[in-house]
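Next up, data20.cif (mmCIF, C-alpha atoms):
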```cif
data_data
#
loop_
_atom_site.label_atom_id
_atom_site.label_comp_id
_atom_site.auth_asym_id
_atom_site.auth_seq_id
_atom_site.Cartn_x
_atom_site.Cartn_y
_atom_site.Cartn_z
CA MET A 1029 7.85 -10.19 -22.26
CA PRO A 1030 6.15 -11.38 -19.03
CA LYS A 1031 7.22 -9.41 -15.98
CA LYS A 1032 8.29 -11.09 -12.76
CA VAL A 1033 5.80 -10.52 -9.95
CA ASN A 1034 6.96 -11.25 -6.41
CA HIS A 1035 4.63 -9.25 -4.20
CA ILE A 1036 1.30 -7.52 -3.88
CA SER A 1037 1.26 -3.82 -3.00
CA GLU A 1038 -1.17 -1.95 -0.80
CA ALA A 1039 -2.58 -0.35 -3.93
CA ASP A 1040 -3.24 -3.85 -5.30
CA HIS A 1041 -5.11 -4.72 -2.11
CA ASP A 1042 -7.28 -1.64 -2.49
CA ILE A 1043 -8.01 -2.30 -6.18
CA VAL A 1044 -9.13 -5.87 -5.52
CA THR A 1045 -11.24 -4.93 -2.49
CA VAL A 1046 -13.11 -2.30 -4.49
CA ALA A 1047 -13.63 -4.76 -7.37
CA VAL A 1048 -15.07 -7.42 -5.05
CA ALA A 1049 -17.52 -4.97 -3.47
CA ALA A 1050 -18.63 -3.76 -6.91
CA ALA A 1051 -19.09 -7.29 -8.25
CA GLU A 1052 -21.08 -8.43 -5.22
CA ALA A 1053 -23.42 -5.45 -5.54
CA HIS A 1054 -25.26 -7.28 -8.33
CA THR A 1055 -25.26 -10.86 -7.02
CA SER A 1056 -25.99 -12.94 -3.97
CA GLY A 1057 -22.70 -14.72 -4.65
CA GLU A 1058 -19.70 -14.06 -2.43
CA ILE A 1059 -16.21 -13.72 -3.92
CA VAL A 1060 -13.12 -14.45 -1.84
CA THR A 1061 -9.70 -13.47 -3.23
CA VAL A 1062 -6.46 -15.01 -2.01
CA VAL A 1063 -2.89 -14.48 -3.22
CA ALA A 1064 0.07 -16.59 -2.10
CA ALA A 1065 3.79 -16.28 -2.72
CA LYS A 1066 3.84 -20.01 -3.56
CA SER A 1067 1.68 -23.07 -3.13
CA ASN A 1068 4.33 -25.66 -2.25
CA ASP A 1069 8.04 -26.04 -1.45
CA TYR A 1070 8.44 -29.03 -3.83
CA ASP A 1071 10.88 -30.78 -1.50
CA ASP A 1072 9.83 -34.12 -2.95
CA VAL A 1073 10.78 -32.91 -6.44
CA ALA A 1074 14.31 -32.16 -5.22
CA LEU A 1075 14.53 -35.66 -3.73
CA VAL A 1076 13.39 -37.22 -7.00
CA TRP A 1077 15.92 -35.27 -9.07
CA ALA A 1078 18.71 -36.17 -6.64
CA SER A 1079 17.76 -39.85 -6.78
CA VAL A 1080 17.56 -39.83 -10.58
CA GLY A 1081 20.96 -38.13 -10.78
CA ALA A 1082 22.54 -40.66 -8.44
CA PHE A 1083 21.02 -43.58 -10.37
CA VAL A 1084 22.25 -42.20 -13.70
CA ALA A 1085 25.75 -41.67 -12.28
CA MET A 1086 25.96 -45.20 -10.89
CA SER A 1087 24.55 -46.62 -14.12
CA ALA A 1088 27.24 -44.78 -16.11
CA VAL A 1089 29.95 -46.41 -13.97
CA ALA A 1090 28.38 -49.83 -14.51
CA LEU A 1091 28.14 -49.30 -18.29
CA PHE A 1092 31.63 -47.87 -18.75
CA PRO A 1093 33.79 -49.51 -16.04
CA ASP A 1094 37.05 -49.22 -18.00
CA PHE A 1095 36.67 -45.46 -18.34
CA TYR A 1096 36.10 -44.98 -14.62
CA ARG A 1097 38.85 -47.41 -13.65
CA ALA A 1098 41.18 -45.30 -15.79
CA LYS A 1099 39.99 -42.22 -13.91
CA TYR A 1100 40.72 -44.00 -10.63
CA ASP A 1101 44.23 -44.85 -11.82
CA TRP A 1102 44.75 -41.22 -12.85
CA LEU A 1103 43.62 -39.94 -9.46
CA THR A 1104 45.96 -42.33 -7.64
CA GLY A 1105 48.85 -41.59 -9.98
CA GLY A 1106 48.97 -45.19 -11.04
CA TRP A 1107 49.95 -46.26 -7.54
CA GLY A 1108 46.55 -47.51 -6.50
CA HIS A 1109 46.24 -51.23 -5.83
CA GLU A 1110 43.98 -53.43 -7.89
CA LEU A 1111 40.50 -53.13 -6.46
CA THR A 1112 38.50 -56.17 -5.50
CA ALA A 1113 34.88 -56.47 -6.67
CA ASN A 1114 33.61 -55.42 -3.24
CA GLN A 1115 35.94 -52.44 -3.08
CA TRP A 1116 34.89 -51.31 -6.54
CA LEU A 1117 31.23 -51.70 -5.55
CA GLY A 1118 31.87 -49.55 -2.49
CA ILE A 1119 33.41 -46.83 -4.65
CA VAL A 1120 30.44 -46.92 -7.03
CA ILE A 1121 27.99 -46.59 -4.15
CA ALA A 1122 30.00 -43.75 -2.61
CA PHE A 1123 30.06 -42.02 -5.98
CA GLY A 1124 26.26 -42.32 -6.20
CA VAL A 1125 25.80 -40.99 -2.67
CA LEU A 1126 28.04 -38.00 -3.35
CA LYS A 1127 26.17 -37.29 -6.56
CA TRP A 1128 22.84 -37.46 -4.67
CA ILE A 1129 24.07 -35.06 -1.99
CA GLY A 1130 25.50 -32.67 -4.57
CA ILE A 1131 22.28 -32.45 -6.57
CA TRP A 1132 20.18 -32.08 -3.43
CA LEU A 1133 22.38 -29.21 -2.21
CA ILE A 1134 22.14 -27.48 -5.58
CA LEU A 1135 18.36 -27.79 -5.49
CA LEU A 1136 18.22 -26.01 -2.16
CA TRP A 1137 18.22 -22.96 -4.44
CA LYS A 1138 14.45 -22.67 -4.77
CA PRO A 1139 14.28 -20.86 -8.14
CA LEU A 1140 16.11 -23.78 -9.77
CA ARG A 1141 13.92 -26.30 -7.95
CA MET A 1142 10.83 -24.48 -9.21
CA ALA A 1143 12.21 -24.37 -12.76
CA LEU A 1144 12.83 -28.13 -12.71
CA THR A 1145 9.34 -28.91 -11.44
CA PRO A 1146 7.11 -30.06 -14.33
CA ARG A 1147 4.24 -27.74 -15.18
CA THR A 1148 1.68 -30.47 -14.54
CA ILE A 1149 2.95 -30.93 -10.98
CA ARG A 1150 2.88 -27.18 -10.34
CA ALA A 1151 -0.67 -27.01 -11.66
CA GLN A 1152 -1.74 -29.91 -9.43
CA ARG A 1153 -0.17 -28.35 -6.33
CA VAL A 1154 -1.76 -24.96 -7.01
CA ARG A 1155 -5.14 -26.61 -7.50
CA ALA A 1156 -4.73 -28.64 -4.29
CA ARG A 1157 -3.76 -25.52 -2.34
CA ALA A 1158 -6.72 -23.60 -3.75
CA ILE A 1159 -9.09 -26.38 -2.72
CA ASP A 1160 -7.59 -26.51 0.79
CA LEU A 1161 -8.02 -22.76 1.23
CA PHE A 1162 -11.54 -22.95 -0.20
CA LYS A 1163 -12.53 -25.63 2.31
CA VAL A 1164 -11.16 -23.58 5.19
CA GLY A 1165 -12.46 -20.14 4.33
CA THR A 1166 -15.22 -20.35 1.73
CA GLU A 1167 -17.00 -23.69 1.50
CA ALA A 1168 -20.41 -23.70 3.20
CA LYS A 1169 -19.66 -20.32 4.77
CA THR A 1170 -22.65 -18.67 3.07
CA LEU A 1171 -26.32 -19.41 3.64
CA GLY A 1172 -26.97 -20.36 0.01
CA ARG A 1173 -23.58 -22.01 -0.59
CA THR A 1174 -22.75 -19.30 -3.09
CA GLY A 1175 -19.11 -18.66 -2.23
CA VAL A 1176 -16.36 -18.74 -4.85
CA LEU A 1177 -12.60 -18.47 -4.35
CA LEU A 1178 -10.16 -16.78 -6.71
CA TYR A 1179 -6.63 -17.95 -5.93
CA LEU A 1180 -3.36 -16.62 -7.36
CA SER A 1181 0.01 -18.28 -6.69
CA LEU A 1182 2.84 -15.96 -7.70
CA LYS A 1183 5.86 -18.27 -7.86
CA GLU A 1184 4.06 -20.85 -9.95
CA HIS A 1185 2.53 -18.20 -12.22
CA ARG A 1186 -0.80 -19.95 -11.92
CA ALA A 1187 -4.31 -19.19 -10.68
CA ASP A 1188 -7.44 -21.17 -9.96
CA ILE A 1189 -11.13 -20.71 -9.20
CA VAL A 1190 -13.03 -22.98 -6.82
CA ALA A 1191 -16.80 -22.59 -6.39
CA ASP A 1192 -19.19 -23.70 -3.68
CA GLU A 1193 -21.86 -26.34 -4.24
CA ALA A 1194 -24.69 -24.15 -5.51
CA ILE A 1195 -22.45 -22.31 -7.97
CA ALA A 1196 -20.70 -25.45 -9.22
CA ALA A 1197 -24.09 -27.00 -9.96
CA LYS A 1198 -24.97 -24.17 -12.37
CA VAL A 1199 -21.64 -22.88 -13.66
CA ALA A 1200 -19.31 -25.20 -15.57
CA PRO A 1201 -15.57 -24.70 -14.88
CA GLU A 1202 -14.89 -23.51 -18.43
CA VAL A 1203 -17.29 -20.58 -17.92
CA TRP A 1204 -14.61 -18.97 -15.76
CA GLY A 1205 -12.30 -18.83 -18.79
CA ASP A 1206 -12.77 -15.09 -19.41
CA ALA A 1207 -11.94 -14.35 -15.78
CA MET A 1208 -8.77 -16.43 -15.93
CA ASP A 1209 -7.72 -14.84 -19.22
CA ALA A 1210 -8.18 -11.35 -17.78
CA LEU A 1211 -6.15 -12.28 -14.71
CA ILE A 1212 -3.27 -13.91 -16.58
CA GLU A 1213 -2.99 -11.11 -19.14
CA ARG A 1214 -2.48 -8.44 -16.49
CA VAL A 1215 -0.29 -10.52 -14.19
CA ARG A 1216 2.05 -11.13 -17.13
CA ALA A 1217 2.18 -7.35 -17.57
CA GLY A 1218 3.27 -7.01 -13.94
CA GLN A 1219 -0.13 -5.86 -12.65
CA PRO A 1220 -1.36 -8.59 -10.26
CA GLY A 1221 -3.86 -6.33 -8.51
CA ALA A 1222 -5.40 -5.16 -11.77
CA GLY A 1223 -5.45 -8.76 -12.97
CA MET A 1224 -7.33 -10.03 -9.95
CA ALA A 1225 -9.71 -7.08 -10.12
CA ALA A 1226 -10.43 -7.79 -13.80
CA ALA A 1227 -11.05 -11.45 -12.99
CA VAL A 1228 -13.37 -10.51 -10.14
CA THR A 1229 -15.35 -8.26 -12.49
CA GLN A 1230 -15.80 -11.13 -14.96
CA MET A 1231 -16.76 -13.48 -12.13
CA GLY A 1232 -19.33 -10.94 -10.97
CA VAL A 1233 -20.93 -10.94 -14.42
CA VAL A 1234 -21.29 -14.73 -14.33
CA LEU A 1235 -22.63 -14.75 -10.78
CA ALA A 1236 -25.15 -11.99 -11.52
CA GLN A 1237 -26.59 -14.10 -14.34
CA HIS A 1238 -27.11 -17.19 -12.21
CA PHE A 1239 -27.44 -15.67 -8.73
CA PRO A 1240 -28.89 -12.15 -9.00
CA ARG A 1241 -28.98 -9.94 -5.96
CA GLY A 1242 -32.00 -10.59 -3.75
CA SER A 1243 -33.94 -8.30 -1.44
CA GLU A 1244 -31.60 -9.34 1.36
CA ASN A 1245 -27.94 -9.49 0.45
CA PRO A 1246 -25.74 -9.74 3.55
CA ASN A 1247 -21.98 -9.55 3.09
CA GLU A 1248 -21.10 -12.97 4.49
CA LEU A 1249 -17.44 -13.20 3.41
CA PRO A 1250 -14.64 -10.59 3.46
CA ASP A 1251 -14.20 -8.36 0.43
CA ARG A 1252 -10.53 -7.67 1.17
CA LEU A 1253 -7.72 -9.43 -0.64
CA ILE A 1254 -6.19 -12.10 1.61
CA GLU A 1255 -2.42 -12.44 1.29
CA ILE A 1256 -0.70 -15.55 2.67
#
```
Target encoding structure tokens, full file:
Amino acid sequence: MPKKVNHISEADHDIVTVAVAAAEAHTSGEIVTVVAAKSNDYDDVALVWASVGAFVAMSAVALFPDFYRAKYDWLTGGWGHELTANQWLGIVIAFGVLKWIGIWLILLWKPLRMALTPRTIRAQRVRARAIDLFKVGTEAKTLGRTGVLLYLSLKEHRADIVADEAIAAKVAPEVWGDAMDALIERVRAGQPGAGMAAAVTQMGVVLAQHFPRGSENPNELPDRLIEI
């Protein structure tokens, strides 16, 4: 069974740092590693679920008016006056608003909100976050545009690799498959540091093939694992 991973230890930091230094010893490429607790709060997902719930609730009242009128009579003990069309509409709207608020409050519990977020949306948000971080800390930060970012998002249980211009021109995205497999396998076993280190090793193999170490090989980007 996959193990839940919520944090990165100091030992994990050390393992990844050593792996990056070892991988870069054979290539002019520069590997940046970043781990985040999550990539997004998914507030918009909560709003969508609340809106859908309210719409469904109001639609149910419209489709089964007799049932809900009977409920109204039961709540008033049979002493409620006959509602006009406008009064009934007001009750339906109030019912929808209460349903919206109730669902929104429930989805303030972030684990449930994450569970109700479709996998495709989580993948898109992780990818977008990885690209943002790449643009800030890796893109065009090396002389030969040979930087590559390995990004792990713990809450979403997803990772991504984003490469600079020179690398992307020579290495197709699917080539990073072995690195991603190595990462996912160990993260599922509850070993995020070992997973990132294994991925870095595989990335180093690819980079060494296309960008072997030259006579001058300055360390242009940090080897340490960046935690955000």
If you take every atom of segment 1063-1079 of chain A that the file lists and fit an axis-aligned box around them with 6 Å extra on each side, what centre and edge lengths come out in Å to one decimal, as AutoDock Vina command-line options?
```
--center_x 7.9 --center_y -27.2 --center_z -5.3 --size_x 33.6 --size_y 37.4 --size_z 19.6
```
Could you tell me how far atom CA of Lys1163 of chain A sits from atom CA of Met1231 of chain A, in Å to one decimal place?
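Atom-to-atom, atom CA of Met1231 of chain A and atom CA of Lys1163 of chain A are spaced 19.3 Å apart.
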The PyMOL selection byres ((chain A and resi 1073-1075) around 8) - which residues does that actually catch in the file I just gave you? List them as a PyMOL selection string.
chain A and resi 1070-1072+1076-1079+1132+1135-1136+1141+1145
For this structure, which residues satisfy the selection - the PyMOL selection byres ((chain A and resi 1149) around 12) - when it is evaluated on the file as given? I want them as JSON, numbers by chain.
{"A": [1067, 1068, 1069, 1070, 1072, 1073, 1142, 1143, 1144, 1145, 1146, 1147, 1148, 1150, 1151, 1152, 1153, 1154, 1155, 1156, 1184, 1186]}
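Atom CA of Arg1252 of chain A lies 16.4 Å from atom CA of Val1164 of chain A.
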By how many Å are atom CA of His1238 of chain A and atom CA of Ile1059 of chain A apart?
14.1 Å
Run the PyMOL selection byres ((chain A and resi 1063) around 12) against the file shown and list the residues it catches, as a ChimeraX atom specification.
/A:1033-1037,1040-1041,1044,1060-1062,1064-1067,1154,1157-1158,1161,1177-1189,1215,1220-1221,1223-1224,1252-1256
Name the residues in contact with Glu1193 of chain A at a cut-off of 8 Å, using only C-alpha atoms, excluding same-chain residues fewer than 5 positions from it; report them as a list in words.
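The neighbour list is Glu1167, Arg1173 and Thr1174 of chain A.
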Within 7 Å of (-27.3, -10.4, -11.4) (coordinates as in the file), grab all the protein and nucleic acid residues, counting all atoms listed in the file, and write them out as a list in words.
His1054, Thr1055, Leu1235, Ala1236, Gln1237, His1238, Phe1239, Pro1240 and Arg1241 of chain A
Of the listed residues A:Glu1248, A:Glu1052, A:Glu1213, A:Glu1038, that which approaches Gly1165 of chain A most closely, counting only C-alpha atoms:
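Using only C-alpha atoms, Gly1165 of chain A sits closest to A:Glu1248.
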How would you write as an NGL selection string the residues that get within 12 Å of (-16.4, -6.3, -17.0) in the file's frame, counting all atoms listed in the file?
:A and (1047 or 1050-1051 or 1206-1207 or 1210 or 1223 or 1225-1234 or 1236)
